[in-house]
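To be precise, the following lines are query.cif, and they hold mmCIF, C-alpha atoms.
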```
data_protein
#
loop_
_atom_site.label_atom_id
_atom_site.label_comp_id
_atom_site.auth_asym_id
_atom_site.auth_seq_id
_atom_site.Cartn_x
_atom_site.Cartn_y
_atom_site.Cartn_z
CA MET T 7 24.64 -0.73 3.54
CA ASN T 8 22.93 -2.80 6.25
CA GLU T 9 19.68 -2.19 8.14
CA PHE T 10 21.32 -0.19 10.92
CA ASP T 11 23.22 2.00 8.46
CA LEU T 12 19.88 2.80 6.80
CA ILE T 13 18.33 3.69 10.14
CA TYR T 14 21.12 6.07 11.04
CA GLN T 15 20.96 7.63 7.61
CA LEU T 16 17.31 8.39 8.27
CA ILE T 17 18.20 9.95 11.62
CA ASN T 18 20.98 12.12 10.27
CA THR T 19 18.97 13.63 7.42
CA GLN T 20 15.95 14.91 9.37
CA SER T 21 16.14 18.46 10.64
CA ILE T 22 13.12 18.43 12.98
CA SER T 23 13.82 17.79 16.66
CA ARG T 24 10.72 18.31 18.78
CA ALA T 25 10.81 19.02 22.52
CA ASP T 26 7.92 16.60 23.12
CA VAL T 27 10.04 13.66 21.92
CA LYS T 28 11.69 12.35 25.08
CA THR T 29 13.27 9.36 23.32
CA GLY T 30 13.14 8.83 19.58
CA ILE T 31 15.01 6.51 17.23
CA GLY T 32 17.64 4.36 18.94
CA ASP T 33 15.61 2.66 21.67
CA ASP T 34 13.02 -0.10 21.57
CA CYS T 35 10.20 2.42 21.89
CA ALA T 36 9.77 6.14 21.36
CA ILE T 37 8.79 8.07 24.51
CA LEU T 38 6.49 10.96 23.64
CA SER T 39 4.53 13.64 25.52
CA VAL T 40 1.00 14.72 24.66
CA PRO T 41 0.16 18.33 25.70
CA ASP T 42 -2.36 18.86 28.48
CA GLY T 43 -5.88 19.34 27.20
CA TYR T 44 -5.29 17.49 23.92
CA SER T 45 -6.16 14.01 22.71
CA LEU T 46 -3.82 11.93 20.55
CA ALA T 47 -4.98 11.38 16.95
CA VAL T 48 -3.39 8.38 15.21
CA SER T 49 -3.63 7.24 11.59
CA MET T 50 -1.77 4.69 9.48
CA ASP T 51 -1.65 4.04 5.74
CA THR T 52 0.26 1.48 3.71
CA LEU T 53 1.39 2.21 0.16
CA VAL T 54 2.19 -0.78 -2.06
CA ASN T 55 4.21 -0.70 -5.25
CA GLY T 56 1.95 -0.96 -8.31
CA VAL T 57 -1.22 -0.36 -6.28
CA HIS T 58 -0.84 3.07 -4.67
CA PHE T 59 1.84 4.37 -7.02
CA PRO T 60 3.05 3.32 -10.49
CA GLU T 61 6.35 1.46 -10.52
CA SER T 62 8.03 4.22 -12.53
CA VAL T 63 7.32 6.99 -9.98
CA SER T 64 10.39 8.64 -8.49
CA ALA T 65 11.57 7.68 -5.00
CA PHE T 66 11.22 11.35 -3.96
CA SER T 67 7.51 11.34 -4.87
CA ILE T 68 6.94 8.01 -3.14
CA GLY T 69 8.47 9.35 0.08
CA TYR T 70 6.45 12.55 -0.20
CA LYS T 71 3.11 10.85 -0.92
CA SER T 72 3.62 8.22 1.79
CA LEU T 73 3.56 10.98 4.37
CA ALA T 74 1.03 13.19 2.58
CA VAL T 75 -1.76 10.61 2.72
CA ASN T 76 -1.28 10.21 6.47
CA LEU T 77 -1.18 13.95 7.12
CA SER T 78 -4.39 14.20 5.11
CA ASP T 79 -6.07 11.85 7.60
CA LEU T 80 -4.91 14.06 10.46
CA ALA T 81 -6.23 17.10 8.57
CA ALA T 82 -9.64 15.43 8.25
CA VAL T 83 -10.02 15.33 12.05
CA GLY T 84 -8.50 18.78 12.57
CA ALA T 85 -5.34 17.51 14.26
CA ILE T 86 -1.97 19.23 14.55
CA PRO T 87 0.70 16.81 13.17
CA ALA T 88 3.54 15.87 15.52
CA TRP T 89 5.29 12.52 14.98
CA ILE T 90 5.53 9.63 12.53
CA THR T 91 6.83 6.08 12.53
CA LEU T 92 7.93 4.33 9.34
CA SER T 93 7.90 0.69 8.30
CA LEU T 94 9.77 0.18 5.04
CA SER T 95 10.03 -3.06 3.05
CA LEU T 96 12.65 -3.05 0.27
CA PRO T 97 13.53 -5.74 -2.28
CA SER T 98 17.21 -4.69 -2.09
CA VAL T 99 19.41 -1.92 -0.73
CA ASP T 100 19.64 0.91 -3.25
CA GLU T 101 21.39 3.89 -1.66
CA THR T 102 20.32 6.31 -4.38
CA TRP T 103 16.68 5.26 -4.05
CA ILE T 104 16.81 5.50 -0.24
CA THR T 105 18.40 8.96 -0.38
CA ASP T 106 15.72 10.30 -2.72
CA PHE T 107 12.91 8.63 -0.75
CA VAL T 108 14.13 10.25 2.46
CA LYS T 109 14.38 13.65 0.75
CA GLY T 110 10.75 13.40 -0.34
CA LEU T 111 9.60 12.25 3.09
CA PHE T 112 11.42 14.96 5.01
CA THR T 113 10.57 17.72 2.54
CA LEU T 114 6.95 17.40 3.63
CA ALA T 115 7.78 16.50 7.25
CA ASN T 116 9.79 19.71 7.63
CA GLN T 117 6.90 21.78 6.27
CA HIS T 118 4.65 20.53 9.06
CA LYS T 119 7.26 20.19 11.85
CA VAL T 120 6.82 16.43 12.01
CA GLN T 121 9.54 14.23 13.54
CA LEU T 122 10.30 10.62 12.64
CA VAL T 123 10.50 8.80 15.98
CA GLY T 124 10.80 5.12 15.10
CA GLY T 125 9.99 2.30 12.73
CA ASP T 126 11.29 -0.85 11.10
CA MET T 127 12.94 -2.08 7.90
CA SER T 128 12.78 -5.45 6.22
CA CYS T 129 13.61 -7.20 2.96
CA GLY T 130 10.61 -7.83 0.72
CA PRO T 131 8.40 -6.27 -1.99
CA LEU T 132 8.44 -2.47 -1.96
CA SER T 133 5.89 -1.32 0.63
CA ILE T 134 5.74 1.71 2.89
CA SER T 135 3.64 2.01 6.06
CA ILE T 136 3.57 5.25 8.02
CA GLN T 137 1.76 5.87 11.27
CA ALA T 138 1.10 9.55 11.91
CA HIS T 139 0.32 11.09 15.30
CA GLY T 140 -1.18 14.48 16.04
CA PHE T 141 -2.86 16.55 18.74
CA VAL T 142 -6.50 17.60 18.75
CA LYS T 143 -8.77 19.28 21.31
CA LYS T 144 -12.09 18.77 19.53
CA ALA T 145 -11.90 16.23 16.73
CA LEU T 146 -13.81 16.56 13.48
CA LEU T 147 -15.64 13.28 12.81
CA ARG T 148 -17.78 11.76 10.07
CA CYS T 149 -20.89 11.40 12.22
CA GLY T 150 -22.03 15.00 12.81
CA ALA T 151 -23.70 16.03 9.53
CA LYS T 152 -27.29 17.25 9.86
CA ALA T 153 -30.11 17.85 7.38
CA GLY T 154 -29.72 21.31 5.88
CA ASP T 155 -25.94 21.44 6.35
CA LEU T 156 -23.98 22.65 3.34
CA ILE T 157 -21.39 20.35 1.73
CA TYR T 158 -18.03 21.90 0.85
CA VAL T 159 -14.99 20.65 -1.03
CA SER T 160 -11.53 22.19 -0.84
CA GLY T 161 -9.38 22.94 -3.88
CA ASN T 162 -10.11 21.06 -7.11
CA ILE T 163 -10.89 17.39 -7.60
CA GLY T 164 -10.21 15.12 -10.56
CA ASP T 165 -6.65 16.11 -11.45
CA ALA T 166 -5.15 12.98 -9.89
CA SER T 167 -7.32 10.81 -12.12
CA LEU T 168 -5.73 12.44 -15.16
CA GLY T 169 -2.30 11.97 -13.61
CA LEU T 170 -2.79 8.20 -13.66
CA ARG T 171 -3.69 8.32 -17.35
CA SER T 172 -0.17 9.57 -18.07
CA TYR T 173 1.23 6.30 -16.69
CA GLN T 174 -1.18 4.42 -18.92
CA GLY T 175 0.37 5.98 -22.01
CA ASP T 176 -1.60 9.21 -22.41
CA THR T 177 0.92 11.90 -23.38
CA ALA T 178 -1.67 14.71 -23.37
CA VAL T 179 -1.99 14.85 -19.57
CA PRO T 180 -0.84 18.21 -18.10
CA GLU T 181 2.24 18.01 -15.87
CA ASN T 182 0.36 19.60 -12.97
CA CYS T 183 -2.09 16.68 -12.90
CA ILE T 184 0.80 14.21 -12.68
CA ARG T 185 2.17 16.21 -9.76
CA ARG T 186 -1.25 16.24 -8.09
CA LEU T 187 -1.26 12.42 -8.24
CA ASN T 188 2.29 11.90 -7.01
CA GLU T 189 2.69 14.76 -4.53
CA PRO T 190 -0.73 15.71 -3.09
CA GLN T 191 -0.94 18.62 -0.65
CA PRO T 192 -2.54 17.62 2.68
CA ARG T 193 -4.93 20.34 3.91
CA VAL T 194 -3.56 20.45 7.45
CA ASP T 195 -4.10 24.16 8.07
CA LEU T 196 -7.64 23.95 6.75
CA GLY T 197 -8.54 21.02 9.00
CA ILE T 198 -7.32 22.89 12.06
CA ALA T 199 -9.22 26.05 11.02
CA LEU T 200 -12.46 24.09 10.58
CA ASN T 201 -12.48 22.80 14.16
CA ASP T 202 -15.05 25.32 15.39
CA TYR T 203 -17.34 25.13 12.36
CA ALA T 204 -17.45 21.79 10.51
CA SER T 205 -20.14 19.34 11.63
CA SER T 206 -18.37 16.49 9.80
CA CYS T 207 -15.26 16.04 7.70
CA ILE T 208 -13.39 13.45 5.60
CA ASP T 209 -10.48 13.52 3.18
CA ILE T 210 -11.14 12.54 -0.43
CA SER T 211 -8.96 9.49 -0.95
CA ASP T 212 -11.35 7.09 -2.72
CA GLY T 213 -13.53 9.55 -4.65
CA LEU T 214 -16.03 12.20 -3.58
CA ILE T 215 -19.07 9.94 -4.02
CA SER T 216 -17.50 7.16 -1.96
CA ASP T 217 -16.07 9.35 0.79
CA LEU T 218 -19.15 11.53 1.15
CA GLY T 219 -21.00 8.22 1.44
CA HIS T 220 -19.02 7.48 4.61
CA ILE T 221 -20.21 10.77 6.12
CA CYS T 222 -23.80 10.00 5.16
CA LYS T 223 -23.62 6.48 6.59
CA GLN T 224 -22.08 7.60 9.88
CA SER T 225 -24.46 10.58 10.15
CA HIS T 226 -27.59 8.64 9.08
CA CYS T 227 -28.41 11.06 6.28
CA GLY T 228 -28.25 11.61 2.53
CA ALA T 229 -26.94 14.32 0.22
CA ASP T 230 -27.83 16.35 -2.86
CA ILE T 231 -24.79 17.13 -5.07
CA TYR T 232 -24.91 19.64 -7.93
CA LEU T 233 -22.37 18.68 -10.59
CA LYS T 234 -22.20 22.20 -12.03
CA ASP T 235 -20.66 23.33 -8.74
CA ILE T 236 -17.96 20.62 -8.55
CA PRO T 237 -14.60 22.47 -8.55
CA LEU T 238 -12.67 21.31 -11.61
CA SER T 239 -9.29 22.75 -12.55
CA ASP T 240 -8.63 24.48 -15.87
CA ASP T 241 -6.35 21.55 -16.74
CA TYR T 242 -9.17 19.05 -16.15
CA LYS T 243 -11.71 21.03 -18.17
CA SER T 244 -9.21 21.63 -20.97
CA TYR T 245 -8.39 17.92 -21.17
CA PHE T 246 -12.06 17.12 -21.72
CA ASN T 247 -12.43 20.05 -24.18
CA GLN T 248 -14.62 21.95 -21.74
CA GLN T 249 -17.19 19.13 -21.76
CA ALA T 250 -18.71 18.34 -18.37
CA ASP T 251 -17.20 14.90 -17.66
CA TYR T 252 -17.58 14.34 -13.94
CA THR T 253 -17.09 10.59 -13.65
CA ASP T 254 -13.35 10.64 -12.95
CA ALA T 255 -13.58 13.70 -10.72
CA MET T 256 -16.34 12.17 -8.60
CA THR T 257 -15.06 8.61 -8.32
CA PHE T 258 -11.30 8.26 -8.84
CA GLY T 259 -9.93 9.61 -5.56
CA ASP T 260 -6.30 10.35 -4.68
CA ASP T 261 -7.18 14.07 -4.54
CA TYR T 262 -6.64 14.34 -0.76
CA GLU T 263 -8.84 17.40 -0.58
CA LEU T 264 -11.27 17.78 2.33
CA CYS T 265 -15.02 17.28 2.08
CA PHE T 266 -16.87 18.80 5.03
CA THR T 267 -20.29 19.97 6.15
CA VAL T 268 -21.28 23.17 7.93
CA SER T 269 -24.44 24.92 9.05
CA PRO T 270 -25.70 27.56 6.56
CA LYS T 271 -25.24 30.21 9.26
CA ASP T 272 -21.47 29.69 9.02
CA LYS T 273 -21.11 30.48 5.30
CA GLN T 274 -19.29 33.73 6.01
CA ALA T 275 -16.94 32.02 8.46
CA ILE T 276 -16.04 29.48 5.77
CA ALA T 277 -15.36 32.29 3.30
CA ASP T 278 -13.06 33.88 5.88
CA ILE T 279 -11.26 30.56 6.44
CA ALA T 280 -10.76 30.17 2.68
CA ARG T 281 -8.90 33.48 2.65
CA GLN T 282 -7.00 32.61 5.82
CA VAL T 283 -5.61 29.32 4.45
CA ALA T 284 -5.43 30.55 0.81
CA THR T 285 -7.52 27.62 -0.43
CA ASP T 286 -10.70 27.66 -2.50
CA LEU T 287 -13.67 26.19 -0.61
CA THR T 288 -16.66 25.40 -2.81
CA CYS T 289 -20.21 24.54 -1.76
CA VAL T 290 -21.30 21.58 -3.89
CA GLY T 291 -24.59 20.60 -2.27
CA SER T 292 -26.44 19.96 0.97
CA ILE T 293 -27.34 17.23 3.42
CA ASN T 294 -30.86 15.78 3.30
CA THR T 295 -32.92 13.35 5.38
CA THR T 296 -32.73 10.41 2.95
CA ASN T 297 -30.13 7.66 3.02
CA GLN T 298 -29.02 8.29 -0.56
CA ILE T 299 -26.63 10.55 -2.45
CA GLN T 300 -28.37 12.12 -5.41
CA CYS T 301 -26.46 14.01 -8.11
CA PHE T 302 -28.03 16.67 -10.33
CA ASP T 303 -26.82 17.79 -13.76
CA GLN T 304 -26.46 21.25 -15.27
CA ASN T 305 -30.25 21.49 -15.60
CA ASN T 306 -30.82 20.30 -12.02
CA GLU T 307 -32.12 16.97 -13.33
CA PRO T 308 -31.22 13.80 -11.41
CA VAL T 309 -28.31 11.88 -12.91
CA THR T 310 -26.83 8.52 -11.95
CA ILE T 311 -23.08 8.00 -11.63
CA LEU T 312 -22.66 4.25 -11.82
CA LYS T 313 -19.06 4.05 -10.66
CA LYS T 314 -18.86 4.61 -6.91
CA GLY T 315 -15.17 4.93 -6.04
CA PHE T 316 -11.99 2.97 -5.40
CA GLU T 317 -12.16 -0.27 -3.44
CA HIS T 318 -9.03 -2.40 -3.04
CA PHE T 319 -10.67 -5.80 -3.32
CA ASN T 320 -13.12 -4.91 -6.09
CA GLU T 321 -10.59 -3.50 -8.54
#
```
Target format C-alpha cells, applied to this file:
Amino acid sequence: MNEFDLIYQLINTQSISRADVKTGIGDDCAILSVPDGYSLAVSMDTLVNGVHFPESVSAFSIGYKSLAVNLSDLAAVGAIPAWITLSLSLPSVDETWITDFVKGLFTLANQHKVQLVGGDMSCGPLSISIQAHGFVKKALLRCGAKAGDLIYVSGNIGDASLGLRSYQGDTAVPENCIRRLNEPQPRVDLGIALNDYASSCIDISDGLISDLGHICKQSHCGADIYLKDIPLSDDYKSYFNQQADYTDAMTFGDDYELCFTVSPKDKQAIADIARQVATDLTCVGSINTTNQIQCFDQNNEPVTILKKGFEHFNE
C-alpha cells in the first residue's frame, strides 16, 4: 500500500461529512467556513512513540488518544470541535496497524462530529501530529482567575499515573486505570457549558500542580489546595490501601480533566452544570493574592510536594 492508498483509506472510513467543509482531502488545501459570530480555536499536539505512549499500546488506543488530547485543549477554551488535520510518520506500511489506528481515531471523531480535512504521511519513526479546530464565541483563557475564586477539578485525577505503572511491570494496576491512560475522555461538553461561568480554565495534561501553575502565572495570583478534597477514584485509593498518597495524582498528568476557577457566587451554577454534563466537579481550593501554590494536608497543615509535573526536557 502506498501513501495515496493510505490517504484514500482514511477518507473512505470516516463517516462525518460536515456542511462547513467546502473542500476537504484531495486538494492542496482544505477550504473551510467559520460561522458568523465565532472565532476559530486551533490546537496541535504531537505524540511520539515511547514518550507519549508505551510501545506496546494498541494502534486503536494510539489513534483514540492522539485525537483526545487535542479535543481536550479545545475543551479547555470552551470551543465546539469541528475539523482536524493529521500528520502521520510511520516506520513501515502495516495495513493492520493503520486500520486499527483509524478505527480509534474515528471512534472519538464520530462522537464529537469532527471531520478529518487534510494532512500528510511520511516514512520515519512512529509519530502522530493532529491539529484540531473548533468554534468559540467567548474563549475560556488561563489569565482570568481572581483572588477569592474557587478552584474546581472535573472527574478524578491520578488514574493515568497508575496506568503507566502497568507498563512498567506492575500487574496489580486496575484495568480502568490503564484505560484512563490510553483512552482519556476529553471534557468537551463541560468546557462549552463553563463558557458563562469560568474565570479561567486549563486541561490537566502535565499534572494538577503544574497546570494550575500556568493559570496562576497568567493570572498573577496564587492558590491554596486542600489535598483532602482532591478527587481520587476508588481504584486509586484501593491501590494505595486507602492511604492518602497524592504525589502521583498531583504531578503525573495525562488525566485530561479540566481545572477551572469560578466566583463563589456561581457555586450553584457549577452544581447544575455537573448534573447537566453528568460529570463530578469538585472544589479543591481557592485563588489567593500570593504568587505561590500552597498545599494543605488532612489537618490543614502546609505540606510541600517536591515533584512539580511532567516536563519533556527535564525527564
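Take the candidates T:Ile86, T:Val159, T:Leu122, T:Cys149 and check each one against Ile31 in chain T using all atoms listed in the file; the shortest distance goes to T:Leu122.
With CA of Ser49 in chain T on one side and CA of Arg171 in chain T on the other, the separation reads 29.0 Å.
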Original post:
Do you know which residues the PyMOL selection byres ((chain T and resi 218) around 9) returns on this file, as a PyMOL selection string?
Top reply: chain T and resi 207-208+210+213-217+219-223+229+265-266+299
Can you spit out the residues from that selection as a PDB file, in the frame of the given file, using C-alpha atoms?
```
ATOM      1  CA  CYS T 207     -15.260  16.040   7.700  1.00  0.00           C
ATOM      2  CA  ILE T 208     -13.390  13.450   5.600  1.00  0.00           C
ATOM      3  CA  ILE T 210     -11.140  12.540  -0.430  1.00  0.00           C
ATOM      4  CA  GLY T 213     -13.530   9.550  -4.650  1.00  0.00           C
ATOM      5  CA  LEU T 214     -16.030  12.200  -3.580  1.00  0.00           C
ATOM      6  CA  ILE T 215     -19.070   9.940  -4.020  1.00  0.00           C
ATOM      7  CA  SER T 216     -17.500   7.160  -1.960  1.00  0.00           C
ATOM      8  CA  ASP T 217     -16.070   9.350   0.790  1.00  0.00           C
ATOM      9  CA  GLY T 219     -21.000   8.220   1.440  1.00  0.00           C
ATOM     10  CA  HIS T 220     -19.020   7.480   4.610  1.00  0.00           C
ATOM     11  CA  ILE T 221     -20.210  10.770   6.120  1.00  0.00           C
ATOM     12  CA  CYS T 222     -23.800  10.000   5.160  1.00  0.00           C
ATOM     13  CA  LYS T 223     -23.620   6.480   6.590  1.00  0.00           C
ATOM     14  CA  ALA T 229     -26.940  14.320   0.220  1.00  0.00           C
ATOM     15  CA  CYS T 265     -15.020  17.280   2.080  1.00  0.00           C
ATOM     16  CA  PHE T 266     -16.870  18.800   5.030  1.00  0.00           C
ATOM     17  CA  ILE T 299     -26.630  10.550  -2.450  1.00  0.00           C
TER      18      ILE T 299
END
```
Each residue of range 60-100 of chain T with at least one atom at most 8 Å from range 133-144 of chain T should appear once, together with its nearest atom pair and the corresponding distance in Å (one decimal); atoms considered: all atoms listed in the file; ordering: chain, then increasing residue number; output as JSON lines.
```
{"residue": "T:Ser72", "atom": "CA", "partner": "T:Ile136", "partner_atom": "CA", "distance": 6.9}
{"residue": "T:Leu73", "atom": "CA", "partner": "T:Ile136", "partner_atom": "CA", "distance": 6.8}
{"residue": "T:Asn76", "atom": "CA", "partner": "T:Ala138", "partner_atom": "CA", "distance": 6.0}
{"residue": "T:Leu77", "atom": "CA", "partner": "T:Ala138", "partner_atom": "CA", "distance": 6.9}
{"residue": "T:Leu80", "atom": "CA", "partner": "T:Gly140", "partner_atom": "CA", "distance": 6.7}
{"residue": "T:Val83", "atom": "CA", "partner": "T:Val142", "partner_atom": "CA", "distance": 7.9}
{"residue": "T:Gly84", "atom": "CA", "partner": "T:Val142", "partner_atom": "CA", "distance": 6.6}
{"residue": "T:Ala85", "atom": "CA", "partner": "T:Val142", "partner_atom": "CA", "distance": 4.6}
{"residue": "T:Ile86", "atom": "CA", "partner": "T:Gly140", "partner_atom": "CA", "distance": 5.0}
{"residue": "T:Pro87", "atom": "CA", "partner": "T:Gly140", "partner_atom": "CA", "distance": 4.1}
{"residue": "T:Ala88", "atom": "CA", "partner": "T:Gly140", "partner_atom": "CA", "distance": 4.9}
{"residue": "T:Trp89", "atom": "CA", "partner": "T:His139", "partner_atom": "CA", "distance": 5.2}
{"residue": "T:Ile90", "atom": "CA", "partner": "T:Ala138", "partner_atom": "CA", "distance": 4.5}
{"residue": "T:Thr91", "atom": "CA", "partner": "T:Gln137", "partner_atom": "CA", "distance": 5.2}
{"residue": "T:Leu92", "atom": "CA", "partner": "T:Ile136", "partner_atom": "CA", "distance": 4.6}
{"residue": "T:Ser93", "atom": "CA", "partner": "T:Ser135", "partner_atom": "CA", "distance": 5.0}
{"residue": "T:Leu94", "atom": "CA", "partner": "T:Ile134", "partner_atom": "CA", "distance": 4.8}
{"residue": "T:Ser95", "atom": "CA", "partner": "T:Ser133", "partner_atom": "CA", "distance": 5.1}
{"residue": "T:Leu96", "atom": "CA", "partner": "T:Ser133", "partner_atom": "CA", "distance": 7.0}
```
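Summary of the local environment: counting only C-alpha atoms, residues at most 12 Å from Ser172 in chain T, other than itself and those fewer than 6 positions away along its chain, are Pro60, Ser62, Val63, Asp165, Ala166, Ala178, Val179, Pro180, Glu181, Asn182, Cys183, Ile184, Arg185, Leu187 and Asn188 of chain T.
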Taken to one decimal, the CA of Val123 in chain T-CA of Asp33 in chain T distance is 9.8 Å
Can you tell me which residues surround Trp103 in chain T at a distance of at most 6 Å, considering all atoms listed in the file, apart from same-chain residues fewer than 3 positions away, and format the answer as a VMD selection string? chain T and resid 65 100 106
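CA of Leu146 in chain T lies 16.1 Å from CA of Gly43 in chain T.
Of the listed residues T:Ile37, T:Asp241, T:Leu200, T:Gly259, the one whose atoms come nearest to Asp278 in chain T is T:Leu200, with distances taken using all atoms listed in the file.
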| task | Would you kindly translate the PyMOL selection byres ((chain T and resi 204) around 6) into the concrete residues it picks from this file, as a list in words? | result | Leu200, Tyr203, Ser205, Ser206, Thr267 and Val268 of chain T
For C-alpha atoms, I'd like the residues from the last selection saved as a CSV table (one decimal), in the frame of the given file.
```csv
chain,number,residue,atom,x,y,z
T,200,LEU,CA,-12.5,24.1,10.6
T,203,TYR,CA,-17.3,25.1,12.4
T,205,SER,CA,-20.1,19.3,11.6
T,206,SER,CA,-18.4,16.5,9.8
T,267,THR,CA,-20.3,20.0,6.2
T,268,VAL,CA,-21.3,23.2,7.9
```
- Hits of the PyMOL selection byres ((chain T and resi 114) around 12) in this structure, as a ChimeraX atom specification: /T:20-22,66-78,87,90,107-113,115-122,189-192,194
Which residues are near Thr296 in chain T? Cut-off 10 Å, all atoms listed in the file, ignore same chain within fewer than 3 positions. Put them as a VMD selection string.
chain T and resid 153 222 226 to 230 293 299 to 300
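Among T:Thr29, T:Ser128, T:Thr288, T:Ser98, the residue with the shortest atom-to-atom distance to Tyr232 in chain T, counting only C-alpha atoms, is T:Thr288.
Between Val54 in chain T and the candidates T:Asn247, T:Phe302, T:Gln174, T:Pro131, the tightest atom-to-atom separation, counting all atoms listed in the file, involves T:Pro131.
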ask   = Which neighbours of range 304-312 of chain T fall inside 7 Å, counting only C-alpha atoms, when residues of the same chain fewer than 3 positions from it are skipped, and could you give them as a PyMOL selection string?
value = chain T and resi 233-234+253+300-301
